[in-house]
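Q: Take a look at target.cif, mmCIF, N, CA and C atoms:
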```cif
data_input
loop_
_atom_site.label_atom_id
_atom_site.label_comp_id
_atom_site.auth_asym_id
_atom_site.auth_seq_id
_atom_site.Cartn_x
_atom_site.Cartn_y
_atom_site.Cartn_z
N MET A 1 3.92 -16.08 -36.52
CA MET A 1 5.17 -15.53 -36.02
C MET A 1 5.24 -15.78 -34.51
N PRO A 2 6.32 -16.35 -34.03
CA PRO A 2 6.46 -16.63 -32.59
C PRO A 2 6.64 -15.33 -31.80
N SER A 3 6.11 -15.33 -30.60
CA SER A 3 6.22 -14.16 -29.74
C SER A 3 7.59 -14.11 -29.08
N THR A 4 8.15 -12.91 -28.96
CA THR A 4 9.42 -12.75 -28.25
C THR A 4 9.19 -12.40 -26.78
N VAL A 5 7.94 -12.26 -26.39
CA VAL A 5 7.60 -11.96 -25.00
C VAL A 5 7.44 -13.27 -24.24
N SER A 6 8.13 -13.40 -23.12
CA SER A 6 8.00 -14.63 -22.32
C SER A 6 7.41 -14.37 -20.95
N ALA A 7 7.37 -13.10 -20.54
CA ALA A 7 6.84 -12.78 -19.21
C ALA A 7 6.28 -11.36 -19.22
N VAL A 8 5.33 -11.12 -18.32
CA VAL A 8 4.72 -9.80 -18.17
C VAL A 8 4.80 -9.44 -16.70
N LEU A 9 5.27 -8.22 -16.42
CA LEU A 9 5.36 -7.74 -15.04
C LEU A 9 4.23 -6.75 -14.76
N PHE A 10 3.67 -6.85 -13.58
CA PHE A 10 2.63 -5.93 -13.15
C PHE A 10 3.03 -5.32 -11.82
N ASP A 11 2.72 -4.05 -11.66
CA ASP A 11 2.82 -3.43 -10.34
C ASP A 11 1.68 -4.00 -9.52
N PHE A 12 1.88 -4.11 -8.24
CA PHE A 12 0.87 -4.72 -7.38
C PHE A 12 -0.20 -3.71 -6.97
N GLY A 13 0.19 -2.71 -6.16
CA GLY A 13 -0.76 -1.74 -5.62
C GLY A 13 -1.29 -0.80 -6.68
N GLY A 14 -2.58 -0.82 -6.91
CA GLY A 14 -3.20 0.05 -7.88
C GLY A 14 -3.34 -0.57 -9.25
N VAL A 15 -2.74 -1.73 -9.45
CA VAL A 15 -2.87 -2.42 -10.73
C VAL A 15 -3.58 -3.76 -10.49
N LEU A 16 -2.92 -4.66 -9.77
CA LEU A 16 -3.57 -5.93 -9.44
C LEU A 16 -4.55 -5.78 -8.28
N THR A 17 -4.35 -4.75 -7.49
CA THR A 17 -5.23 -4.47 -6.36
C THR A 17 -5.74 -3.04 -6.48
N ARG A 18 -6.63 -2.67 -5.58
CA ARG A 18 -7.15 -1.30 -5.57
C ARG A 18 -6.02 -0.31 -5.37
N ASP A 19 -6.28 0.93 -5.74
CA ASP A 19 -5.33 2.03 -5.58
C ASP A 19 -5.06 2.26 -4.09
N PRO A 20 -3.81 2.09 -3.64
CA PRO A 20 -3.53 2.25 -2.21
C PRO A 20 -3.75 3.67 -1.70
N PHE A 21 -3.57 4.67 -2.55
CA PHE A 21 -3.75 6.05 -2.09
C PHE A 21 -5.23 6.39 -1.92
N ARG A 22 -6.05 5.86 -2.79
CA ARG A 22 -7.50 6.04 -2.62
C ARG A 22 -7.96 5.34 -1.35
N SER A 23 -7.46 4.13 -1.15
CA SER A 23 -7.80 3.39 0.06
C SER A 23 -7.32 4.13 1.30
N MET A 24 -6.15 4.75 1.20
CA MET A 24 -5.61 5.51 2.31
C MET A 24 -6.54 6.68 2.64
N GLY A 25 -7.03 7.36 1.62
CA GLY A 25 -7.95 8.48 1.84
C GLY A 25 -9.23 8.04 2.51
N GLU A 26 -9.76 6.89 2.10
CA GLU A 26 -10.96 6.35 2.72
C GLU A 26 -10.72 6.01 4.18
N ALA A 27 -9.56 5.41 4.46
CA ALA A 27 -9.22 5.07 5.84
C ALA A 27 -9.07 6.34 6.67
N ALA A 28 -8.41 7.35 6.12
CA ALA A 28 -8.21 8.61 6.85
C ALA A 28 -9.55 9.20 7.24
N ALA A 29 -10.47 9.25 6.30
CA ALA A 29 -11.79 9.81 6.58
C ALA A 29 -12.50 9.03 7.67
N SER A 30 -12.35 7.70 7.66
CA SER A 30 -13.02 6.89 8.67
C SER A 30 -12.44 7.13 10.06
N PHE A 31 -11.20 7.63 10.15
CA PHE A 31 -10.58 7.93 11.43
C PHE A 31 -10.65 9.42 11.78
N GLY A 32 -11.27 10.22 10.89
CA GLY A 32 -11.41 11.64 11.15
C GLY A 32 -10.16 12.47 10.89
N PHE A 33 -9.26 12.00 10.04
CA PHE A 33 -8.04 12.71 9.70
C PHE A 33 -8.17 13.39 8.35
N ASP A 34 -7.42 14.45 8.14
CA ASP A 34 -7.26 15.03 6.82
C ASP A 34 -6.52 14.00 5.96
N PRO A 35 -7.05 13.62 4.80
CA PRO A 35 -6.43 12.56 3.99
C PRO A 35 -4.97 12.83 3.60
N THR A 36 -4.65 14.08 3.26
CA THR A 36 -3.27 14.38 2.85
C THR A 36 -2.30 14.24 4.01
N GLU A 37 -2.68 14.78 5.16
CA GLU A 37 -1.80 14.68 6.32
C GLU A 37 -1.68 13.23 6.80
N PHE A 38 -2.79 12.51 6.76
CA PHE A 38 -2.78 11.11 7.17
C PHE A 38 -1.84 10.30 6.26
N ALA A 39 -1.94 10.53 4.95
CA ALA A 39 -1.08 9.81 4.01
C ALA A 39 0.38 10.13 4.27
N ASP A 40 0.67 11.38 4.58
CA ASP A 40 2.06 11.76 4.87
C ASP A 40 2.56 11.04 6.12
N LEU A 41 1.72 10.98 7.14
CA LEU A 41 2.11 10.32 8.37
C LEU A 41 2.23 8.81 8.20
N VAL A 42 1.26 8.21 7.55
CA VAL A 42 1.20 6.76 7.47
C VAL A 42 2.06 6.18 6.36
N MET A 43 2.16 6.90 5.23
CA MET A 43 2.92 6.38 4.09
C MET A 43 4.12 7.24 3.73
N GLY A 44 4.20 8.42 4.30
CA GLY A 44 5.38 9.26 4.10
C GLY A 44 5.57 9.80 2.72
N ARG A 45 4.53 10.33 2.12
CA ARG A 45 4.65 10.86 0.75
C ARG A 45 5.81 11.83 0.62
N SER A 46 5.97 12.74 1.59
CA SER A 46 7.03 13.74 1.46
C SER A 46 8.41 13.16 1.70
N GLN A 47 8.49 12.01 2.37
CA GLN A 47 9.78 11.39 2.67
C GLN A 47 10.02 10.14 1.84
N TYR A 48 9.07 9.78 0.99
CA TYR A 48 9.14 8.50 0.30
C TYR A 48 10.38 8.36 -0.57
N ALA A 49 10.78 9.42 -1.22
CA ALA A 49 11.91 9.35 -2.15
C ALA A 49 13.18 8.91 -1.45
N GLU A 50 13.37 9.34 -0.22
CA GLU A 50 14.62 8.97 0.46
C GLU A 50 14.54 7.61 1.15
N GLY A 51 13.37 7.01 1.22
CA GLY A 51 13.24 5.66 1.75
C GLY A 51 13.37 5.53 3.25
N SER A 52 13.32 6.63 3.98
CA SER A 52 13.51 6.55 5.43
C SER A 52 12.20 6.41 6.20
N HIS A 53 11.08 6.64 5.56
CA HIS A 53 9.79 6.55 6.26
C HIS A 53 9.51 5.09 6.62
N PRO A 54 8.90 4.87 7.78
CA PRO A 54 8.60 3.50 8.20
C PRO A 54 7.79 2.69 7.18
N TRP A 55 6.91 3.35 6.42
CA TRP A 55 6.13 2.61 5.41
C TRP A 55 7.06 1.99 4.38
N HIS A 56 8.01 2.77 3.90
CA HIS A 56 8.96 2.24 2.92
C HIS A 56 9.78 1.11 3.54
N ARG A 57 10.22 1.31 4.75
CA ARG A 57 11.02 0.29 5.43
C ARG A 57 10.21 -0.98 5.65
N LEU A 58 8.90 -0.83 5.91
CA LEU A 58 8.01 -1.98 6.06
C LEU A 58 7.84 -2.69 4.72
N GLU A 59 7.64 -1.91 3.66
CA GLU A 59 7.44 -2.48 2.31
C GLU A 59 8.61 -3.35 1.87
N VAL A 60 9.82 -2.93 2.21
CA VAL A 60 11.00 -3.66 1.75
C VAL A 60 11.50 -4.67 2.77
N GLY A 61 10.75 -4.83 3.86
CA GLY A 61 11.07 -5.86 4.84
C GLY A 61 12.16 -5.50 5.84
N GLU A 62 12.49 -4.23 5.95
CA GLU A 62 13.52 -3.84 6.91
C GLU A 62 12.99 -3.85 8.34
N ILE A 63 11.68 -3.61 8.51
CA ILE A 63 11.06 -3.61 9.83
C ILE A 63 9.78 -4.43 9.79
N GLU A 64 9.31 -4.82 10.97
CA GLU A 64 8.06 -5.56 11.11
C GLU A 64 6.93 -4.57 11.40
N ILE A 65 5.70 -5.05 11.32
CA ILE A 65 4.53 -4.20 11.49
C ILE A 65 4.49 -3.53 12.86
N ASP A 66 4.93 -4.22 13.91
CA ASP A 66 4.91 -3.61 15.25
C ASP A 66 5.84 -2.40 15.33
N GLU A 67 7.02 -2.51 14.73
CA GLU A 67 7.95 -1.37 14.72
C GLU A 67 7.38 -0.22 13.89
N TYR A 68 6.75 -0.56 12.77
CA TYR A 68 6.11 0.45 11.94
C TYR A 68 5.04 1.19 12.76
N ASN A 69 4.17 0.44 13.44
CA ASN A 69 3.10 1.06 14.23
C ASN A 69 3.67 1.98 15.30
N ARG A 70 4.72 1.56 16.00
CA ARG A 70 5.32 2.41 17.03
C ARG A 70 5.90 3.68 16.42
N ALA A 71 6.57 3.56 15.29
CA ALA A 71 7.19 4.73 14.65
C ALA A 71 6.13 5.73 14.20
N VAL A 72 5.06 5.25 13.60
CA VAL A 72 4.00 6.14 13.13
C VAL A 72 3.27 6.77 14.32
N ASP A 73 3.08 6.00 15.37
CA ASP A 73 2.45 6.55 16.57
C ASP A 73 3.29 7.70 17.11
N GLN A 74 4.60 7.55 17.14
CA GLN A 74 5.48 8.63 17.61
C GLN A 74 5.38 9.86 16.72
N MET A 75 5.34 9.65 15.40
CA MET A 75 5.21 10.78 14.48
C MET A 75 3.89 11.50 14.69
N MET A 76 2.82 10.74 14.87
CA MET A 76 1.50 11.36 15.08
C MET A 76 1.50 12.16 16.38
N GLN A 77 2.06 11.61 17.43
CA GLN A 77 2.10 12.33 18.69
C GLN A 77 2.94 13.60 18.57
N SER A 78 4.02 13.54 17.80
CA SER A 78 4.87 14.73 17.64
C SER A 78 4.16 15.84 16.87
N ARG A 79 3.13 15.48 16.10
CA ARG A 79 2.33 16.47 15.37
C ARG A 79 1.05 16.84 16.10
N GLY A 80 0.93 16.38 17.33
CA GLY A 80 -0.21 16.79 18.15
C GLY A 80 -1.42 15.89 18.08
N PHE A 81 -1.32 14.76 17.42
CA PHE A 81 -2.44 13.83 17.40
C PHE A 81 -2.38 12.97 18.65
N SER A 82 -3.51 12.43 19.05
CA SER A 82 -3.57 11.67 20.29
C SER A 82 -2.93 10.30 20.17
N GLY A 83 -2.52 9.95 19.01
CA GLY A 83 -1.88 8.65 18.80
C GLY A 83 -2.42 7.96 17.57
N PHE A 84 -1.73 6.97 17.16
CA PHE A 84 -2.06 6.21 15.97
C PHE A 84 -3.32 5.39 16.23
N PRO A 85 -4.34 5.49 15.38
CA PRO A 85 -5.53 4.67 15.58
C PRO A 85 -5.16 3.19 15.66
N GLY A 86 -5.91 2.45 16.44
CA GLY A 86 -5.56 1.07 16.76
C GLY A 86 -5.31 0.12 15.61
N LEU A 87 -6.03 0.22 14.51
CA LEU A 87 -5.86 -0.78 13.48
C LEU A 87 -5.95 -0.26 12.06
N PRO A 88 -5.47 0.93 11.75
CA PRO A 88 -5.61 1.38 10.37
C PRO A 88 -4.82 0.54 9.38
N VAL A 89 -3.68 0.03 9.76
CA VAL A 89 -2.90 -0.77 8.81
C VAL A 89 -3.70 -1.99 8.41
N ASP A 90 -4.36 -2.63 9.36
CA ASP A 90 -5.17 -3.80 9.03
C ASP A 90 -6.32 -3.41 8.10
N GLN A 91 -6.99 -2.31 8.40
CA GLN A 91 -8.11 -1.88 7.56
C GLN A 91 -7.63 -1.48 6.17
N ILE A 92 -6.54 -0.76 6.12
CA ILE A 92 -5.99 -0.33 4.84
C ILE A 92 -5.57 -1.55 4.03
N ALA A 93 -4.90 -2.49 4.67
CA ALA A 93 -4.45 -3.69 3.97
C ALA A 93 -5.63 -4.45 3.38
N LYS A 94 -6.73 -4.55 4.12
CA LYS A 94 -7.90 -5.26 3.60
C LYS A 94 -8.46 -4.54 2.38
N ARG A 95 -8.43 -3.21 2.39
CA ARG A 95 -8.93 -2.44 1.25
C ARG A 95 -7.95 -2.51 0.07
N VAL A 96 -6.69 -2.30 0.37
CA VAL A 96 -5.68 -2.26 -0.68
C VAL A 96 -5.49 -3.62 -1.32
N PHE A 97 -5.51 -4.66 -0.52
CA PHE A 97 -5.25 -5.99 -1.06
C PHE A 97 -6.50 -6.67 -1.59
N SER A 98 -7.48 -5.85 -1.92
CA SER A 98 -8.67 -6.34 -2.58
C SER A 98 -8.36 -6.43 -4.07
N LEU A 99 -8.35 -7.64 -4.59
CA LEU A 99 -7.97 -7.85 -5.98
C LEU A 99 -8.94 -7.21 -6.95
N ARG A 100 -8.40 -6.72 -8.03
CA ARG A 100 -9.21 -6.21 -9.14
C ARG A 100 -9.47 -7.40 -10.07
N HIS A 101 -10.71 -7.85 -10.11
CA HIS A 101 -11.04 -9.08 -10.81
C HIS A 101 -10.74 -9.02 -12.31
N GLU A 102 -10.87 -7.84 -12.90
CA GLU A 102 -10.55 -7.74 -14.33
C GLU A 102 -9.06 -8.00 -14.58
N MET A 103 -8.22 -7.67 -13.61
CA MET A 103 -6.78 -7.92 -13.75
C MET A 103 -6.47 -9.40 -13.55
N VAL A 104 -7.19 -10.05 -12.65
CA VAL A 104 -7.01 -11.49 -12.45
C VAL A 104 -7.39 -12.22 -13.73
N GLU A 105 -8.46 -11.78 -14.38
CA GLU A 105 -8.86 -12.39 -15.66
C GLU A 105 -7.77 -12.18 -16.71
N LEU A 106 -7.17 -10.99 -16.75
CA LEU A 106 -6.09 -10.73 -17.70
C LEU A 106 -4.90 -11.64 -17.41
N LEU A 107 -4.57 -11.81 -16.14
CA LEU A 107 -3.47 -12.72 -15.78
C LEU A 107 -3.76 -14.14 -16.26
N ASP A 108 -4.99 -14.60 -16.07
CA ASP A 108 -5.37 -15.93 -16.53
C ASP A 108 -5.22 -16.05 -18.05
N GLU A 109 -5.64 -14.99 -18.75
CA GLU A 109 -5.51 -15.01 -20.22
C GLU A 109 -4.04 -15.07 -20.64
N LEU A 110 -3.20 -14.27 -20.00
CA LEU A 110 -1.78 -14.27 -20.33
C LEU A 110 -1.16 -15.64 -20.05
N ARG A 111 -1.54 -16.23 -18.95
CA ARG A 111 -1.01 -17.57 -18.62
C ARG A 111 -1.46 -18.61 -19.63
N SER A 112 -2.67 -18.45 -20.18
CA SER A 112 -3.15 -19.40 -21.19
C SER A 112 -2.31 -19.33 -22.46
N HIS A 113 -1.57 -18.25 -22.63
CA HIS A 113 -0.66 -18.09 -23.78
C HIS A 113 0.78 -18.39 -23.38
N ASP A 114 0.94 -19.11 -22.28
CA ASP A 114 2.25 -19.54 -21.77
C ASP A 114 3.16 -18.37 -21.38
N LEU A 115 2.57 -17.27 -20.99
CA LEU A 115 3.36 -16.14 -20.49
C LEU A 115 3.41 -16.25 -18.96
N ARG A 116 4.59 -15.98 -18.44
CA ARG A 116 4.73 -15.97 -16.97
C ARG A 116 4.41 -14.59 -16.48
#
```
Would it be possible to restate this file's structure as structure tokens?

A:
Amino acid sequence: MPSTVSAVLFDFGGVLTRDPFRSMGEAAASFGFDPTEFADLVMGRSQYAEGSHPWHRLEVGEIEIDEYNRAVDQMMQSRGFSGFPGLPVDQIAKRVFSLRHEMVELLDELRSHDLR
């Protein structure tokens, strides 16, 4: 029987790559921040639904990384932190964009069956 499936979609963060929220918690700890508060500042969990947080705007390409860093630095300063750590986005990106090899193998298998 021929397959009616021609393509498979995967979410990127947490599926093809490591869980971004776990990575965020690890990064927060390495900078000495409370993980929940750090995630709110850096990724905007409480504001994510409305799409106004700089992380969301960065994800969809509305702003560049420099504007994101400035905006988060301002938010951190407004909450009494001494400023945004120098390179957490780079460290987080390296952790988050670490591929899950078992998922890469699954992608290869799906492609071998002519699925996009």

Q: Figure out the distance between atom CA of A:Leu16 and atom C of A:Arg116, please, to one decimal in Å.

A: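 Those two atoms sit 13.7 Å apart.
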
Q: Take atom C of A:Arg22 and atom N of A:Val8 and report the distance between them in Å, one decimal.

A: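 Pair atom C of A:Arg22 / atom N of A:Val8 returns 27.1 Å.
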
Q: What's the separation between atom N of A:Arg45 and atom CA of A:Met24, in Å to one decimal place?

A: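 So the answer is 11.2 Å.
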
Q: Evaluate the PyMOL selection byres (((chain A and resi 25 and name CA) around 8) and name CA) and record the selected residues as a list in words, following the chain and residue labels used in the document.

A: Phe21, Arg22, Ser23, Met24, Glu26, Ala27, Ala28, Ala29, Pro35, Thr36, Phe38 and Ala39 of chain A

Q: At most 12 Å from (1.3, -5.8, -8.3), file frame, only C-alpha atoms: which residues, as a list in words?

A: Val8, Leu9, Phe10, Asp11, Phe12, Gly13, Gly14, Val15, Leu16, Thr17, Arg18, Asp19, Pro20, Val96, Phe97, Ser98, Leu99, Arg100, Met103, Val104 and Leu107 of chain A

Q: Those same residues - N, CA and C atoms - I'd like them written as an mmCIF file, in the coordinates of the input.

A:
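Resulting contents of again06.cif:
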```
data_model
loop_
_atom_site.group_PDB
_atom_site.id
_atom_site.type_symbol
_atom_site.label_atom_id
_atom_site.label_comp_id
_atom_site.auth_asym_id
_atom_site.auth_seq_id
_atom_site.Cartn_x
_atom_site.Cartn_y
_atom_site.Cartn_z
ATOM 1 N N VAL A 8 5.330 -11.120 -18.320
ATOM 2 C CA VAL A 8 4.720 -9.800 -18.170
ATOM 3 C C VAL A 8 4.800 -9.440 -16.700
ATOM 4 N N LEU A 9 5.270 -8.220 -16.420
ATOM 5 C CA LEU A 9 5.360 -7.740 -15.040
ATOM 6 C C LEU A 9 4.230 -6.750 -14.760
ATOM 7 N N PHE A 10 3.670 -6.850 -13.580
ATOM 8 C CA PHE A 10 2.630 -5.930 -13.150
ATOM 9 C C PHE A 10 3.030 -5.320 -11.820
ATOM 10 N N ASP A 11 2.720 -4.050 -11.660
ATOM 11 C CA ASP A 11 2.820 -3.430 -10.340
ATOM 12 C C ASP A 11 1.680 -4.000 -9.520
ATOM 13 N N PHE A 12 1.880 -4.110 -8.240
ATOM 14 C CA PHE A 12 0.870 -4.720 -7.380
ATOM 15 C C PHE A 12 -0.200 -3.710 -6.970
ATOM 16 N N GLY A 13 0.190 -2.710 -6.160
ATOM 17 C CA GLY A 13 -0.760 -1.740 -5.620
ATOM 18 C C GLY A 13 -1.290 -0.800 -6.680
ATOM 19 N N GLY A 14 -2.580 -0.820 -6.910
ATOM 20 C CA GLY A 14 -3.200 0.050 -7.880
ATOM 21 C C GLY A 14 -3.340 -0.570 -9.250
ATOM 22 N N VAL A 15 -2.740 -1.730 -9.450
ATOM 23 C CA VAL A 15 -2.870 -2.420 -10.730
ATOM 24 C C VAL A 15 -3.580 -3.760 -10.490
ATOM 25 N N LEU A 16 -2.920 -4.660 -9.770
ATOM 26 C CA LEU A 16 -3.570 -5.930 -9.440
ATOM 27 C C LEU A 16 -4.550 -5.780 -8.280
ATOM 28 N N THR A 17 -4.350 -4.750 -7.490
ATOM 29 C CA THR A 17 -5.230 -4.470 -6.360
ATOM 30 C C THR A 17 -5.740 -3.040 -6.480
ATOM 31 N N ARG A 18 -6.630 -2.670 -5.580
ATOM 32 C CA ARG A 18 -7.150 -1.300 -5.570
ATOM 33 C C ARG A 18 -6.020 -0.310 -5.370
ATOM 34 N N ASP A 19 -6.280 0.930 -5.740
ATOM 35 C CA ASP A 19 -5.330 2.030 -5.580
ATOM 36 C C ASP A 19 -5.060 2.260 -4.090
ATOM 37 N N PRO A 20 -3.810 2.090 -3.640
ATOM 38 C CA PRO A 20 -3.530 2.250 -2.210
ATOM 39 C C PRO A 20 -3.750 3.670 -1.700
ATOM 40 N N VAL A 96 -6.690 -2.300 0.370
ATOM 41 C CA VAL A 96 -5.680 -2.260 -0.680
ATOM 42 C C VAL A 96 -5.490 -3.620 -1.320
ATOM 43 N N PHE A 97 -5.510 -4.660 -0.520
ATOM 44 C CA PHE A 97 -5.250 -5.990 -1.060
ATOM 45 C C PHE A 97 -6.500 -6.670 -1.590
ATOM 46 N N SER A 98 -7.480 -5.850 -1.920
ATOM 47 C CA SER A 98 -8.670 -6.340 -2.580
ATOM 48 C C SER A 98 -8.360 -6.430 -4.070
ATOM 49 N N LEU A 99 -8.350 -7.640 -4.590
ATOM 50 C CA LEU A 99 -7.970 -7.850 -5.980
ATOM 51 C C LEU A 99 -8.940 -7.210 -6.950
ATOM 52 N N ARG A 100 -8.400 -6.720 -8.030
ATOM 53 C CA ARG A 100 -9.210 -6.210 -9.140
ATOM 54 C C ARG A 100 -9.470 -7.400 -10.070
ATOM 55 N N MET A 103 -8.220 -7.670 -13.610
ATOM 56 C CA MET A 103 -6.780 -7.920 -13.750
ATOM 57 C C MET A 103 -6.470 -9.400 -13.550
ATOM 58 N N VAL A 104 -7.190 -10.050 -12.650
ATOM 59 C CA VAL A 104 -7.010 -11.490 -12.450
ATOM 60 C C VAL A 104 -7.390 -12.220 -13.730
ATOM 61 N N LEU A 107 -4.570 -11.810 -16.140
ATOM 62 C CA LEU A 107 -3.470 -12.720 -15.780
ATOM 63 C C LEU A 107 -3.760 -14.140 -16.260
#
```

Q: Measuring between only C-alpha atoms, which one of A:Met76, A:Leu106, A:Leu115, A:Ala71 shows the shortest distance to A:Ser52?

A: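 Of A:Met76, A:Leu106, A:Leu115, A:Ala71, the one nearest A:Ser52 is A:Ala71, counting only C-alpha atoms.
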
Q: Pick out the closest residue to A:Pro54 from this set: A:Glu105, A:Val72, A:Glu37, A:Phe81. Count only C-alpha atoms.

A: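 Of all the options, A:Val72 lies closest to A:Pro54.
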
Q: Identify which of the residues A:Val5, A:Ile63, A:His56, A:Leu110 lies closest to A:Gly44, counting all atoms listed in the file when measuring atom-to-atom distances.

A: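 Of A:Val5, A:Ile63, A:His56, A:Leu110, the one nearest A:Gly44 is A:His56, counting all atoms listed in the file.
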